[in-house]
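Shown below: upload-v3.txt, with compact mmCIF, C-alpha atoms and all ligand atoms.
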```txt
# COMPACT_ATOMS: atom_id res chain seq x y z
CA MET A 1 56.38 -76.44 39.60
CA GLN A 2 56.89 -73.21 41.43
CA LYS A 3 56.02 -73.02 45.08
CA GLN A 4 55.95 -69.74 46.90
CA PHE A 5 56.55 -69.62 50.61
CA ILE A 6 55.77 -66.05 51.25
CA TYR A 7 54.38 -65.94 54.71
CA GLN A 8 56.36 -65.28 57.87
CA GLY A 9 54.90 -66.67 61.09
CA ASN A 10 53.43 -64.15 63.49
CA GLY A 11 53.08 -65.42 67.04
CA GLN A 12 51.17 -62.41 68.24
CA VAL A 13 48.41 -62.67 65.68
CA PHE A 14 48.29 -66.39 66.35
CA LEU A 15 47.59 -65.80 70.03
CA MET A 16 44.86 -63.38 69.14
CA VAL A 17 43.17 -65.39 66.43
CA MET A 18 43.61 -68.87 67.86
CA ASN A 19 41.74 -67.81 70.94
CA GLU A 20 39.97 -70.06 73.33
CA ILE A 21 36.83 -70.64 71.27
CA VAL A 22 38.78 -71.87 68.24
CA LYS A 23 41.05 -74.06 70.33
CA GLN A 24 38.14 -75.53 72.22
CA GLY A 25 36.26 -76.07 68.97
CA ILE A 26 39.13 -77.97 67.42
CA GLU A 27 39.55 -80.12 70.53
CA GLU A 28 35.83 -80.81 70.50
CA ILE A 29 35.90 -81.83 66.83
CA ARG A 30 38.89 -84.12 67.42
CA ARG A 31 37.25 -85.68 70.47
CA ASN A 32 34.10 -86.40 68.49
CA LEU A 33 36.17 -87.82 65.65
CA ASP A 34 38.50 -89.94 67.75
CA LEU A 35 37.46 -93.20 66.17
CA ASP A 36 37.28 -92.00 62.60
CA ILE A 37 40.26 -89.86 61.83
CA GLY A 38 42.96 -92.52 61.84
CA PHE A 39 43.33 -91.87 58.12
CA ALA A 40 45.10 -88.58 58.83
CA GLU A 41 48.14 -89.51 60.92
CA GLY A 42 51.28 -89.66 58.81
CA LYS A 43 49.30 -88.99 55.63
CA THR A 44 49.72 -86.03 53.30
CA VAL A 45 46.57 -84.01 52.71
CA LEU A 46 46.27 -81.21 50.17
CA VAL A 47 43.68 -78.64 51.23
CA SER A 48 42.77 -76.13 48.53
CA GLY A 49 41.24 -72.99 50.01
CA GLY A 50 42.95 -73.83 53.31
CA ALA A 51 43.38 -70.20 54.38
CA GLY A 52 39.64 -69.55 54.25
CA PHE A 53 36.97 -69.96 56.89
CA LEU A 54 36.22 -73.68 56.58
CA GLY A 55 39.62 -74.49 55.06
CA SER A 56 41.57 -73.14 58.03
CA TRP A 57 39.48 -75.15 60.51
CA THR A 58 40.14 -78.17 58.29
CA CYS A 59 43.90 -77.50 58.33
CA ASP A 60 43.85 -77.07 62.11
CA VAL A 61 42.15 -80.42 62.68
CA LEU A 62 44.55 -82.16 60.27
CA VAL A 63 47.70 -80.59 61.75
CA GLU A 64 46.59 -81.50 65.27
CA SER A 65 45.87 -85.03 64.02
CA LYS A 66 49.49 -85.32 62.78
CA ALA A 67 48.76 -85.27 59.06
CA LYS A 68 51.17 -83.44 56.76
CA VAL A 69 49.10 -80.58 55.34
CA ILE A 70 49.74 -78.75 52.09
CA CYS A 71 47.52 -75.68 52.04
CA VAL A 72 47.07 -74.27 48.53
CA ASP A 73 45.37 -70.88 48.52
CA ASN A 74 45.65 -67.71 46.45
CA LEU A 75 44.28 -65.63 49.35
CA VAL A 76 41.56 -63.94 47.31
CA SER A 77 39.09 -64.27 50.16
CA GLY A 78 41.14 -66.20 52.75
CA ARG A 79 43.34 -64.56 55.36
CA ARG A 80 46.94 -65.18 56.33
CA GLU A 81 45.90 -64.71 59.93
CA ASN A 82 43.78 -67.87 59.76
CA ILE A 83 46.90 -69.98 59.22
CA SER A 84 49.67 -67.83 60.72
CA HIS A 85 49.85 -70.03 63.82
CA LEU A 86 50.47 -73.10 61.61
CA ILE A 87 53.11 -71.66 59.31
CA ASP A 88 56.13 -72.67 61.41
CA LYS A 89 54.90 -76.18 62.09
CA GLU A 90 56.84 -79.01 60.47
CA ASN A 91 53.71 -80.72 59.23
CA PHE A 92 52.27 -77.64 57.54
CA GLU A 93 53.19 -76.09 54.22
CA PHE A 94 51.58 -73.07 52.59
CA VAL A 95 51.64 -72.67 48.82
CA GLN A 96 50.21 -69.44 47.47
CA HIS A 97 48.72 -70.50 44.17
CA ASP A 98 45.54 -70.22 42.10
CA ILE A 99 44.25 -73.79 41.88
CA ALA A 100 42.70 -73.02 38.48
CA ASN A 101 46.28 -73.14 37.13
CA PRO A 102 48.09 -76.50 36.99
CA ILE A 103 50.39 -77.39 39.88
CA PHE A 104 52.29 -80.63 40.44
CA PHE A 105 53.63 -82.33 43.55
CA ASP A 106 56.39 -84.93 43.68
CA GLU A 107 55.70 -86.10 47.22
CA LYS A 108 52.94 -88.65 47.60
CA ILE A 109 49.56 -87.08 48.31
CA ASP A 110 47.02 -89.30 50.06
CA PHE A 111 44.03 -87.03 50.17
CA VAL A 112 42.81 -83.94 48.31
CA MET A 113 40.16 -81.72 49.91
CA HIS A 114 38.93 -79.14 47.41
CA LEU A 115 37.47 -76.14 49.24
CA ALA A 116 38.87 -73.34 47.10
CA SER A 117 36.15 -70.97 45.97
CA ARG A 118 34.88 -67.56 46.89
CA ALA A 119 31.50 -68.15 48.51
CA SER A 120 29.86 -64.84 49.39
CA PRO A 121 26.91 -63.65 47.25
CA PHE A 122 28.54 -60.18 47.01
CA GLU A 123 31.59 -61.89 45.46
CA PHE A 124 29.30 -63.54 42.85
CA LYS A 125 28.71 -60.05 41.52
CA GLU A 126 32.31 -58.81 41.64
CA TYR A 127 34.31 -61.91 40.66
CA PRO A 128 32.01 -64.33 38.80
CA ILE A 129 34.68 -65.65 36.43
CA GLN A 130 37.12 -66.44 39.26
CA ILE A 131 34.34 -68.38 41.01
CA LEU A 132 33.46 -70.26 37.85
CA LYS A 133 37.13 -71.14 37.29
CA ALA A 134 37.78 -72.31 40.87
CA ASN A 135 34.93 -74.84 40.56
CA THR A 136 35.62 -75.98 37.00
CA LEU A 137 39.29 -75.52 36.03
CA GLY A 138 40.23 -75.63 39.72
CA ILE A 139 38.48 -78.90 40.38
CA TRP A 140 39.97 -80.33 37.19
CA VAL A 141 43.46 -79.49 38.51
CA ALA A 142 42.63 -80.87 41.97
CA LEU A 143 41.16 -84.07 40.55
CA GLY A 144 44.23 -84.45 38.32
CA ILE A 145 46.43 -84.41 41.43
CA ALA A 146 44.19 -87.00 43.10
CA LYS A 147 44.28 -89.18 39.99
CA LYS A 148 48.07 -89.02 39.68
CA HIS A 149 48.58 -89.99 43.33
CA GLY A 150 45.62 -92.37 43.68
CA ALA A 151 44.40 -90.04 46.43
CA ARG A 152 40.99 -89.85 48.04
CA PHE A 153 39.02 -86.73 47.04
CA LEU A 154 36.51 -84.60 48.93
CA TYR A 155 34.62 -81.74 47.28
CA ALA A 156 33.05 -78.87 49.22
CA SER A 157 29.85 -78.48 47.22
CA THR A 158 26.86 -76.49 48.37
CA SER A 159 23.13 -76.35 49.03
CA GLU A 160 23.11 -73.79 46.19
CA ILE A 161 23.15 -76.67 43.72
CA TYR A 162 19.44 -77.08 44.61
CA GLY A 163 18.78 -73.44 43.57
CA ASN A 164 15.24 -72.63 44.71
CA PRO A 165 14.28 -76.13 45.88
CA SER A 166 10.77 -77.49 45.41
CA ILE A 167 11.21 -80.10 48.17
CA ILE A 168 11.67 -78.98 51.78
CA PRO A 169 13.51 -80.39 53.68
CA THR A 170 15.69 -81.02 50.65
CA PRO A 171 17.12 -84.52 50.16
CA GLU A 172 20.20 -85.37 48.08
CA THR A 173 17.93 -86.92 45.43
CA HIS A 174 16.40 -83.52 44.53
CA ALA A 175 17.80 -82.38 41.17
CA GLY A 176 17.19 -78.72 42.00
CA ASN A 177 15.79 -75.64 40.26
CA VAL A 178 18.69 -73.54 39.06
CA ASN A 179 18.73 -70.63 36.65
CA PRO A 180 21.77 -71.19 34.38
CA ILE A 181 21.76 -67.60 33.16
CA GLY A 182 20.94 -65.83 36.42
CA PRO A 183 23.30 -63.77 38.61
CA ARG A 184 24.05 -66.74 40.90
CA SER A 185 24.90 -69.03 38.01
CA CYS A 186 28.66 -68.47 38.38
CA TYR A 187 28.41 -70.19 41.77
CA ASP A 188 25.51 -72.64 41.67
CA GLU A 189 26.04 -73.89 38.12
CA ALA A 190 29.82 -73.99 38.68
CA LYS A 191 29.28 -76.14 41.77
CA ARG A 192 26.95 -78.40 39.78
CA CYS A 193 29.65 -78.68 37.13
CA GLY A 194 32.17 -79.40 39.92
CA GLU A 195 30.00 -82.29 41.12
CA SER A 196 29.82 -83.56 37.56
CA TYR A 197 33.65 -83.52 37.35
CA VAL A 198 33.88 -85.49 40.60
CA ILE A 199 31.36 -88.11 39.55
CA THR A 200 32.94 -88.44 36.11
CA TYR A 201 36.45 -88.95 37.53
CA ARG A 202 34.96 -91.55 39.83
CA ILE A 203 33.30 -93.38 36.94
CA GLN A 204 36.19 -93.14 34.49
CA HIS A 205 39.20 -93.37 36.83
CA ASN A 206 37.66 -95.20 39.78
CA LEU A 207 38.69 -92.45 42.22
CA ASP A 208 37.58 -92.63 45.85
CA THR A 209 35.39 -89.51 46.00
CA ARG A 210 33.01 -87.85 48.44
CA ILE A 211 30.80 -84.80 47.86
CA ALA A 212 29.66 -82.66 50.79
CA ARG A 213 26.66 -80.44 50.06
CA ILE A 214 27.32 -77.78 52.66
CA PHE A 215 24.38 -75.70 53.90
CA ASN A 216 24.93 -72.19 55.33
CA THR A 217 27.68 -72.44 57.90
CA TYR A 218 28.88 -69.68 60.20
CA GLY A 219 31.28 -69.15 63.06
CA THR A 220 34.65 -67.87 64.07
CA ARG A 221 37.00 -66.86 61.23
CA MET A 222 34.16 -66.14 58.83
CA ARG A 223 34.83 -62.67 57.48
CA ALA A 224 32.43 -59.85 58.23
CA ASP A 225 34.07 -57.19 56.10
CA ASP A 226 33.36 -55.77 52.69
CA ILE A 227 32.13 -58.14 49.96
CA TYR A 228 33.21 -61.18 52.02
CA GLY A 229 30.51 -60.70 54.66
CA ARG A 230 27.83 -63.36 54.53
CA VAL A 231 24.59 -62.86 56.39
CA VAL A 232 25.53 -63.97 59.92
CA PRO A 233 28.81 -62.04 60.32
CA ARG A 234 27.34 -59.10 58.38
CA PHE A 235 24.39 -58.78 60.78
CA ILE A 236 26.70 -59.15 63.80
CA GLU A 237 29.10 -56.54 62.47
CA GLN A 238 26.27 -54.11 61.76
CA ALA A 239 24.77 -54.72 65.22
CA LEU A 240 28.11 -54.28 67.00
CA LYS A 241 28.70 -51.01 65.17
CA GLU A 242 25.14 -49.86 65.92
CA GLN A 243 24.56 -49.51 62.18
CA PRO A 244 21.27 -50.47 60.48
CA ILE A 245 20.90 -54.26 60.07
CA THR A 246 20.09 -54.74 56.38
CA VAL A 247 17.60 -57.48 55.57
CA PHE A 248 16.95 -58.34 51.92
CA GLY A 249 13.29 -58.49 50.88
CA ASP A 250 10.76 -58.69 53.70
CA GLY A 251 12.90 -61.18 55.62
CA THR A 252 10.41 -64.06 55.35
CA GLN A 253 12.88 -66.11 53.27
CA THR A 254 14.46 -68.86 55.36
CA ARG A 255 17.87 -70.40 55.88
CA SER A 256 19.22 -73.13 58.18
CA PHE A 257 22.48 -72.22 59.86
CA CYS A 258 25.10 -74.74 60.93
CA TYR A 259 27.83 -73.85 63.45
CA VAL A 260 31.36 -74.39 62.19
CA THR A 261 32.39 -77.15 64.62
CA ASP A 262 29.37 -79.24 63.59
CA GLN A 263 30.10 -78.64 59.91
CA VAL A 264 33.79 -79.55 60.17
CA GLU A 265 32.98 -82.67 62.15
CA GLY A 266 30.51 -83.69 59.43
CA LEU A 267 33.08 -83.04 56.70
CA PHE A 268 35.67 -85.19 58.47
CA ARG A 269 33.22 -88.01 59.03
CA LEU A 270 32.42 -87.97 55.32
CA ALA A 271 36.11 -87.72 54.50
CA SER A 272 37.23 -90.55 56.72
CA LEU A 273 34.57 -93.25 56.88
CA GLU A 274 35.31 -96.13 54.51
CA ASP A 275 31.59 -96.71 53.93
CA ALA A 276 31.16 -93.15 52.69
CA GLU A 277 33.13 -93.80 49.51
CA GLY A 278 31.31 -92.35 46.49
CA GLU A 279 28.62 -90.69 48.60
CA VAL A 280 26.97 -87.29 48.19
CA VAL A 281 25.75 -85.98 51.54
CA ASN A 282 23.94 -82.88 52.82
CA ILE A 283 25.73 -81.40 55.82
CA GLY A 284 23.80 -78.69 57.60
CA ASN A 285 21.50 -77.85 60.45
CA GLU A 286 17.76 -78.57 60.22
CA GLU A 287 16.78 -75.56 62.36
CA GLU A 288 15.09 -73.32 59.77
CA VAL A 289 14.76 -69.60 60.58
CA ARG A 290 13.37 -66.61 58.76
CA ILE A 291 16.01 -64.00 58.03
CA ILE A 292 14.05 -61.40 59.96
CA GLU A 293 14.18 -63.69 63.02
CA LEU A 294 17.94 -64.01 62.60
CA ALA A 295 18.27 -60.21 62.52
CA GLU A 296 16.19 -59.91 65.69
CA MET A 297 18.25 -62.60 67.47
CA VAL A 298 21.53 -60.93 66.56
CA LYS A 299 20.20 -57.58 67.73
CA LYS A 300 19.13 -59.07 71.06
CA LEU A 301 22.35 -61.05 71.66
CA THR A 302 24.55 -58.02 70.93
CA ASN A 303 22.38 -55.68 73.02
CA SER A 304 22.34 -53.44 69.98
CA SER A 305 20.04 -50.53 69.32
CA SER A 306 20.48 -50.94 65.54
CA GLU A 307 17.41 -50.42 63.42
CA ILE A 308 16.39 -53.31 61.12
CA VAL A 309 15.98 -52.00 57.57
CA PHE A 310 14.79 -53.72 54.40
CA SER A 311 16.25 -53.58 50.90
CA GLU A 312 15.51 -55.20 47.56
CA LEU A 313 15.64 -59.02 47.45
CA PRO A 314 18.42 -60.13 45.05
CA LYS A 315 17.26 -61.95 41.91
CA ASP A 316 17.01 -65.76 42.23
CA ASP A 317 17.47 -65.63 46.02
CA PRO A 318 16.15 -69.02 47.27
CA ARG A 319 12.87 -68.73 49.27
CA ARG A 320 13.55 -71.55 51.69
CA ARG A 321 16.56 -73.60 52.60
CA LYS A 322 16.46 -76.54 54.95
CA PRO A 323 18.44 -79.74 54.52
CA ASP A 324 17.15 -83.26 54.86
CA ILE A 325 20.02 -84.74 56.85
CA SER A 326 18.67 -88.24 57.31
CA LYS A 327 21.42 -89.60 55.04
CA ALA A 328 24.16 -87.90 57.10
CA LYS A 329 22.60 -89.34 60.26
CA ARG A 330 22.41 -92.80 58.73
CA ILE A 331 25.75 -93.17 56.98
CA LEU A 332 27.97 -90.76 58.93
CA GLY A 333 26.38 -91.13 62.37
CA TRP A 334 26.37 -87.32 62.39
CA ALA A 335 23.93 -84.68 63.50
CA PRO A 336 24.59 -81.06 64.50
CA LYS A 337 24.86 -80.36 68.22
CA VAL A 338 25.11 -76.57 68.44
CA GLY A 339 21.85 -74.61 68.34
CA LEU A 340 21.60 -71.23 66.62
CA GLU A 341 21.56 -69.13 69.77
CA GLU A 342 24.62 -70.87 71.26
CA GLY A 343 26.52 -70.64 67.96
CA LEU A 344 25.64 -66.98 67.56
CA ARG A 345 26.88 -66.21 71.09
CA LYS A 346 30.25 -67.82 70.33
CA THR A 347 30.51 -66.07 66.97
CA ILE A 348 29.67 -62.67 68.48
CA GLU A 349 32.26 -63.15 71.21
CA ASN A 350 34.94 -64.11 68.73
CA LEU A 351 34.12 -61.47 66.18
CA SER A 352 34.51 -58.86 68.90
CA LEU A 353 37.91 -60.35 69.85
CA GLU A 354 39.06 -60.57 66.22
CA LYS A 355 38.11 -56.98 65.63
CA LYS A 356 40.59 -56.00 68.32
CA ALA A 357 43.27 -58.43 67.10
CA LEU A 358 43.34 -58.15 63.32
CA PRO A 359 44.70 -55.27 61.27
CA LYS A 360 42.11 -52.60 60.53
CA LYS A 361 41.96 -53.45 56.82
CA HIS A 362 39.86 -56.50 57.68
CA PHE A 363 37.01 -54.47 59.12
N1 LIG B 1 30.60 -71.38 54.53
C1 LIG B 1 29.49 -71.80 53.95
O1 LIG B 1 28.36 -71.50 54.43
C2 LIG B 1 29.53 -72.66 52.72
C3 LIG B 1 28.33 -73.17 52.23
C4 LIG B 1 28.37 -73.98 51.10
C5 LIG B 1 29.56 -74.28 50.49
N2 LIG B 1 30.71 -73.77 50.97
C6 LIG B 1 31.95 -74.08 50.25
O2 LIG B 1 33.01 -74.35 51.15
C7 LIG B 1 34.23 -73.86 50.61
C8 LIG B 1 34.90 -72.94 51.61
O3 LIG B 1 34.04 -71.83 51.85
P1 LIG B 1 34.34 -70.77 52.98
O4 LIG B 1 33.04 -70.42 53.58
O5 LIG B 1 35.43 -71.24 53.85
O6 LIG B 1 34.81 -69.52 52.10
P2 LIG B 1 36.16 -68.65 52.18
O7 LIG B 1 36.02 -67.58 51.17
O8 LIG B 1 36.44 -68.27 53.58
O9 LIG B 1 37.28 -69.68 51.74
C9 LIG B 1 37.58 -69.96 50.40
C10 LIG B 1 39.09 -70.04 50.29
O10 LIG B 1 39.42 -70.43 48.93
C11 LIG B 1 40.46 -69.58 48.48
N3 LIG B 1 40.36 -69.55 47.02
C12 LIG B 1 39.35 -69.06 46.26
N4 LIG B 1 39.62 -69.24 44.95
C13 LIG B 1 40.81 -69.88 44.90
C14 LIG B 1 41.62 -70.35 43.82
N5 LIG B 1 41.25 -70.20 42.56
N6 LIG B 1 42.79 -70.96 44.13
C15 LIG B 1 43.18 -71.12 45.41
N7 LIG B 1 42.47 -70.69 46.46
C16 LIG B 1 41.29 -70.08 46.20
C17 LIG B 1 40.20 -68.25 49.15
O11 LIG B 1 41.32 -67.39 49.20
C18 LIG B 1 39.76 -68.69 50.53
O12 LIG B 1 40.86 -68.89 51.39
C19 LIG B 1 33.88 -73.17 49.29
O13 LIG B 1 34.12 -74.05 48.24
C20 LIG B 1 32.40 -72.89 49.42
O14 LIG B 1 31.77 -72.86 48.17
C21 LIG B 1 30.73 -72.96 52.07
```

Just give me the structure as structure tokens.
Ligand SMILES: NC(=O)c1ccc[n+]([C@@H]2O[C@H](COP(=O)([O-])OP(=O)(O)OC[C@H]3O[C@@H](n4cnc5c(N)ncnc54)[C@H](O)[C@@H]3O)[C@@H](O)[C@H]2O)c1
Amino acid sequence: MQKQFIYQGNGQVFLMVMNEIVKQGIEEIRRNLDLDIGFAEGKTVLVSGGAGFLGSWTCDVLVESKAKVICVDNLVSGRRENISHLIDKENFEFVQHDIANPIFFDEKIDFVMHLASRASPFEFKEYPIQILKANTLGIWVALGIAKKHGARFLYASTSEIYGNPSIIPTPETHAGNVNPIGPRSCYDEAKRCGESYVITYRIQHNLDTRIARIFNTYGTRMRADDIYGRVVPRFIEQALKEQPITVFGDGTQTRSFCYVTDQVEGLFRLASLEDAEGEVVNIGNEEEVRIIELAEMVKKLTNSSSEIVFSELPKDDPRRRKPDISKAKRILGWAPKVGLEEGLRKTIENLSLEKKALPKKHF
């Protein structure tokens, strides 16, 4: 095994990035999880994709909860700045590595959380094979580690496995409508394959597994730049720069947006509750909005004079997306608490701060 420890801590960037909203968010998540997260203290948790948006929040919660965290990330879409404040901590280790290639650990690993995967639709176009590999070869490597150590396993799957769903709100029992040869196939079919790996390792090797079907999540540390920008940070960035806000299609397609603290709390509930062993659970917000409404909200909240413009709807773009979260409510005792307007306000505030703090290349 070859580990690379290539990152030097940077206190200044830490102060800038770990600003009040992130710190408060992590405290809030830990408060809400007080009863459930006992599994973490003194345990070793491998987080693949730990330098990304959701992965870095996950690492933060674990480090604060006194777990030993091994963050494996090849930094293709993650940022060093997301973890720079953790790098000097005794209970945090960063390994720069592509999880699609085998890697072995001698120390006992208690839990594997597999979040590694590019996730922006623009990346589907540019790097489809990397995405396919992270969710097929990558999950095979991650499951191999869990099997060797008898570790619990959590997979960050996605609402995209439902494709263009015919049941709204969509329950976990819906098998989905996915185009295996369409432009989104590298992501949605790869995630479906990833779920199949998880379930098969559970059946054949009796692994303790959990699958989170994550619906659109946004918030601080989600990138706004270049091909990494998903709809919420992209709209905010465009509005802040007074550039046209670009809506695909006529904007009547819907999504349901979950704020990051709610999402991470849901993931940890699924990860930690004994009764959740083997479960597949939708984690998302039920508040369904049309994309045009989202654009208008962002414009209003940023006091922007940007024009809203329309461009061609990408092929196979789902018409509606709204999770049925009754299972999450029932077995995890979880429901989102942050409404879209409140979450957008926090994200706008932080994106403005990050823009000042991070090197220019990120924007
Ligand atoms: N944020 C959402 O709305 C959302 C929705 C559904 C599912 N998910 C899933 O959650 C996970 C995290 O998504 P995110 O939004 O934080 O995206 P992100 O791009 O911010 O994070 C992904 C991280 O994985 C790393 N990575 C990618 N390929 C890798 C590889 N082969 N080896 C090692 N590291 C690799 C990236 O560098 C990055 O740090 C992904 O698996 C994604 O599919 C996210």

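Proximity ranking of A:Pro128, A:Gln24, A:Arg320, A:Arg345 relative to Gly163 in chain A places A:Arg320 first, based on all atoms listed in the file.
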
Please write out the residues within 6 Å of ligand LIG 1 (chain B) as a PDB file with C-alpha atoms, keeping the file's coordinate frame, counting only C-alpha atoms and all ligand atoms.
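This went into pocket.pdb:
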```
ATOM      1  CA  SER A  48      42.770 -76.130  48.530  1.00  0.00           C
ATOM      2  CA  GLY A  49      41.240 -72.990  50.010  1.00  0.00           C
ATOM      3  CA  GLY A  50      42.950 -73.830  53.310  1.00  0.00           C
ATOM      4  CA  ALA A  51      43.380 -70.200  54.380  1.00  0.00           C
ATOM      5  CA  GLY A  52      39.640 -69.550  54.250  1.00  0.00           C
ATOM      6  CA  PHE A  53      36.970 -69.960  56.890  1.00  0.00           C
ATOM      7  CA  LEU A  54      36.220 -73.680  56.580  1.00  0.00           C
ATOM      8  CA  GLY A  55      39.620 -74.490  55.060  1.00  0.00           C
ATOM      9  CA  VAL A  72      47.070 -74.270  48.530  1.00  0.00           C
ATOM     10  CA  ASP A  73      45.370 -70.880  48.520  1.00  0.00           C
ATOM     11  CA  ASN A  74      45.650 -67.710  46.450  1.00  0.00           C
ATOM     12  CA  LEU A  75      44.280 -65.630  49.350  1.00  0.00           C
ATOM     13  CA  VAL A  76      41.560 -63.940  47.310  1.00  0.00           C
ATOM     14  CA  SER A  77      39.090 -64.270  50.160  1.00  0.00           C
ATOM     15  CA  GLY A  78      41.140 -66.200  52.750  1.00  0.00           C
ATOM     16  CA  HIS A  97      48.720 -70.500  44.170  1.00  0.00           C
ATOM     17  CA  ASP A  98      45.540 -70.220  42.100  1.00  0.00           C
ATOM     18  CA  ILE A  99      44.250 -73.790  41.880  1.00  0.00           C
ATOM     19  CA  ALA A 100      42.700 -73.020  38.480  1.00  0.00           C
ATOM     20  CA  LEU A 115      37.470 -76.140  49.240  1.00  0.00           C
ATOM     21  CA  ALA A 116      38.870 -73.340  47.100  1.00  0.00           C
ATOM     22  CA  SER A 117      36.150 -70.970  45.970  1.00  0.00           C
ATOM     23  CA  ARG A 118      34.880 -67.560  46.890  1.00  0.00           C
ATOM     24  CA  ALA A 119      31.500 -68.150  48.510  1.00  0.00           C
ATOM     25  CA  ALA A 134      37.780 -72.310  40.870  1.00  0.00           C
ATOM     26  CA  ALA A 156      33.050 -78.870  49.220  1.00  0.00           C
ATOM     27  CA  SER A 157      29.850 -78.480  47.220  1.00  0.00           C
ATOM     28  CA  THR A 158      26.860 -76.490  48.370  1.00  0.00           C
ATOM     29  CA  ILE A 214      27.320 -77.780  52.660  1.00  0.00           C
ATOM     30  CA  PHE A 215      24.380 -75.700  53.900  1.00  0.00           C
ATOM     31  CA  ASN A 216      24.930 -72.190  55.330  1.00  0.00           C
ATOM     32  CA  THR A 217      27.680 -72.440  57.900  1.00  0.00           C
TER      33      THR A 217
END
```

List every protein, DNA or RNA residue with an atom no more than 12 Å from (25.8, -70.7, 38.9) in the file's coordinates, counting all atoms listed in the file, and format the result as a ChimeraX atom specification. /A:119,121,124-125,128-129,131-133,135-136,158-163,177-194,316

If we count only C-alpha atoms and set the cut-off at 6 Å, which residues sit around Phe310 in chain A, ignoring sequence neighbours fewer than 5 positions away in its own chain? Please answer as a PDB file with C-alpha atoms, in the coordinates of the input.
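This went into selection_29.pdb:
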```pdb
ATOM      1  CA  THR A 246      20.090 -54.740  56.380  1.00  0.00           C
ATOM      2  CA  VAL A 247      17.600 -57.480  55.570  1.00  0.00           C
ATOM      3  CA  PHE A 248      16.950 -58.340  51.920  1.00  0.00           C
TER       4      PHE A 248
END
```

Looking at only C-alpha atoms, which of A:Arg290, A:His174, A:Lys43, A:Lys337 is the one that sits closest to Asp324 in chain A?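 Counting only C-alpha atoms, the residue closest to Asp324 in chain A is A:His174.
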
How many Å separate CA of Pro233 in chain A from CA of Gly251 in chain A? 16.6 Å

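CA of Phe268 in chain A to CA of Phe122 in chain A spans 28.4 Å [interatomic distance, one decimal].
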
Between CA of Val63 in chain A and CA of Leu86 in chain A, what distance in Å does the model show, to one decimal?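 Between these atoms lies a distance of 8.0 Å.
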
Smallest atom-to-atom distance to Asp275 in chain A: which of A:Asp208, A:Val338, A:Tyr228, A:Asp317, using all atoms listed in the file? A:Asp208

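Distance annotation: of A:Asn282, A:Ile211, A:Leu313, A:Ser196, the residue with the minimal separation from Met113 in chain A is A:Ile211; atom set is all atoms listed in the file.
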
Hey, which of A:Ser304, A:Ser120, A:Ser311, A:Ser256 ends up closest to Ile227 in chain A? Count only C-alpha atoms.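 Among A:Ser304, A:Ser120, A:Ser311, A:Ser256, it is A:Ser120 that comes nearest to Ile227 in chain A.
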
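Using only C-alpha atoms, every residue with an atom at most 10 Å from the point (47.6, -74.5, 38.2) is listed here: A:Met1, A:Gln2, A:His97, A:Asp98, A:Ile99, A:Ala100, A:Asn101, A:Pro102, A:Ile103, A:Phe104, A:Leu137, A:Gly138, A:Trp140, A:Val141, A:Ala142.
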
Nearest to Glu237 in chain A among A:Ser56, A:Phe105, A:Arg223, A:Lys148, with distances taken over all atoms listed in the file: which residue is it? A:Arg223

I'd like the box whose edges run along x, y and z of the file and which contains every listed atom of range 280-286 of chain A, padded by 4 Å per side; could you state its centre and edge lengths in Å, one decimal, as JSON?
```
{"center_x": 22.4, "center_y": -82.6, "center_z": 54.3, "size_x": 17.2, "size_y": 17.4, "size_z": 20.3}
```

Which residues come within 8 Å of Phe257 in chain A, counting all atoms listed in the file, excluding same-chain residues fewer than 2 positions away, as a VMD selection string? chain A and resid 215 to 218 255 259 284 to 288 340

Who sits within 10 Å of Gly42 in chain A, all atoms listed in the file, same chain under 6 positions skipped, as a PDB file with C-alpha atoms, keeping the file's coordinate frame:
```
ATOM      1  CA  SER A  65      45.870 -85.030  64.020  1.00  0.00           C
ATOM      2  CA  LYS A  66      49.490 -85.320  62.780  1.00  0.00           C
ATOM      3  CA  ALA A  67      48.760 -85.270  59.060  1.00  0.00           C
ATOM      4  CA  LYS A  68      51.170 -83.440  56.760  1.00  0.00           C
ATOM      5  CA  VAL A  69      49.100 -80.580  55.340  1.00  0.00           C
ATOM      6  CA  ASN A  91      53.710 -80.720  59.230  1.00  0.00           C
ATOM      7  CA  ASP A 110      47.020 -89.300  50.060  1.00  0.00           C
TER       8      ASP A 110
END
```

Missing atoms in range 315-320 of chain A need filling: write out N, CA and C atoms for it as an mmCIF file, in the coordinates of the input.
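Writing the result to selection-v8.cif gives the following:
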```cif
data_model
loop_
_atom_site.group_PDB
_atom_site.id
_atom_site.type_symbol
_atom_site.label_atom_id
_atom_site.label_comp_id
_atom_site.auth_asym_id
_atom_site.auth_seq_id
_atom_site.Cartn_x
_atom_site.Cartn_y
_atom_site.Cartn_z
ATOM 1 N N LYS A 315 17.901 -61.033 42.869
ATOM 2 C CA LYS A 315 17.260 -61.950 41.910
ATOM 3 C C LYS A 315 17.707 -63.392 42.188
ATOM 4 N N ASP A 316 16.766 -64.309 42.066
ATOM 5 C CA ASP A 316 17.010 -65.760 42.230
ATOM 6 C C ASP A 316 17.402 -66.163 43.656
ATOM 7 N N ASP A 317 17.176 -65.276 44.625
ATOM 8 C CA ASP A 317 17.470 -65.630 46.020
ATOM 9 C C ASP A 317 16.520 -66.767 46.429
ATOM 10 N N PRO A 318 17.040 -67.912 46.908
ATOM 11 C CA PRO A 318 16.150 -69.020 47.270
ATOM 12 C C PRO A 318 15.171 -68.633 48.387
ATOM 13 N N ARG A 319 13.895 -69.068 48.268
ATOM 14 C CA ARG A 319 12.870 -68.730 49.270
ATOM 15 C C ARG A 319 13.100 -69.467 50.588
ATOM 16 N N ARG A 320 13.362 -70.756 50.464
ATOM 17 C CA ARG A 320 13.550 -71.550 51.690
ATOM 18 C C ARG A 320 14.793 -72.423 51.526
#
```
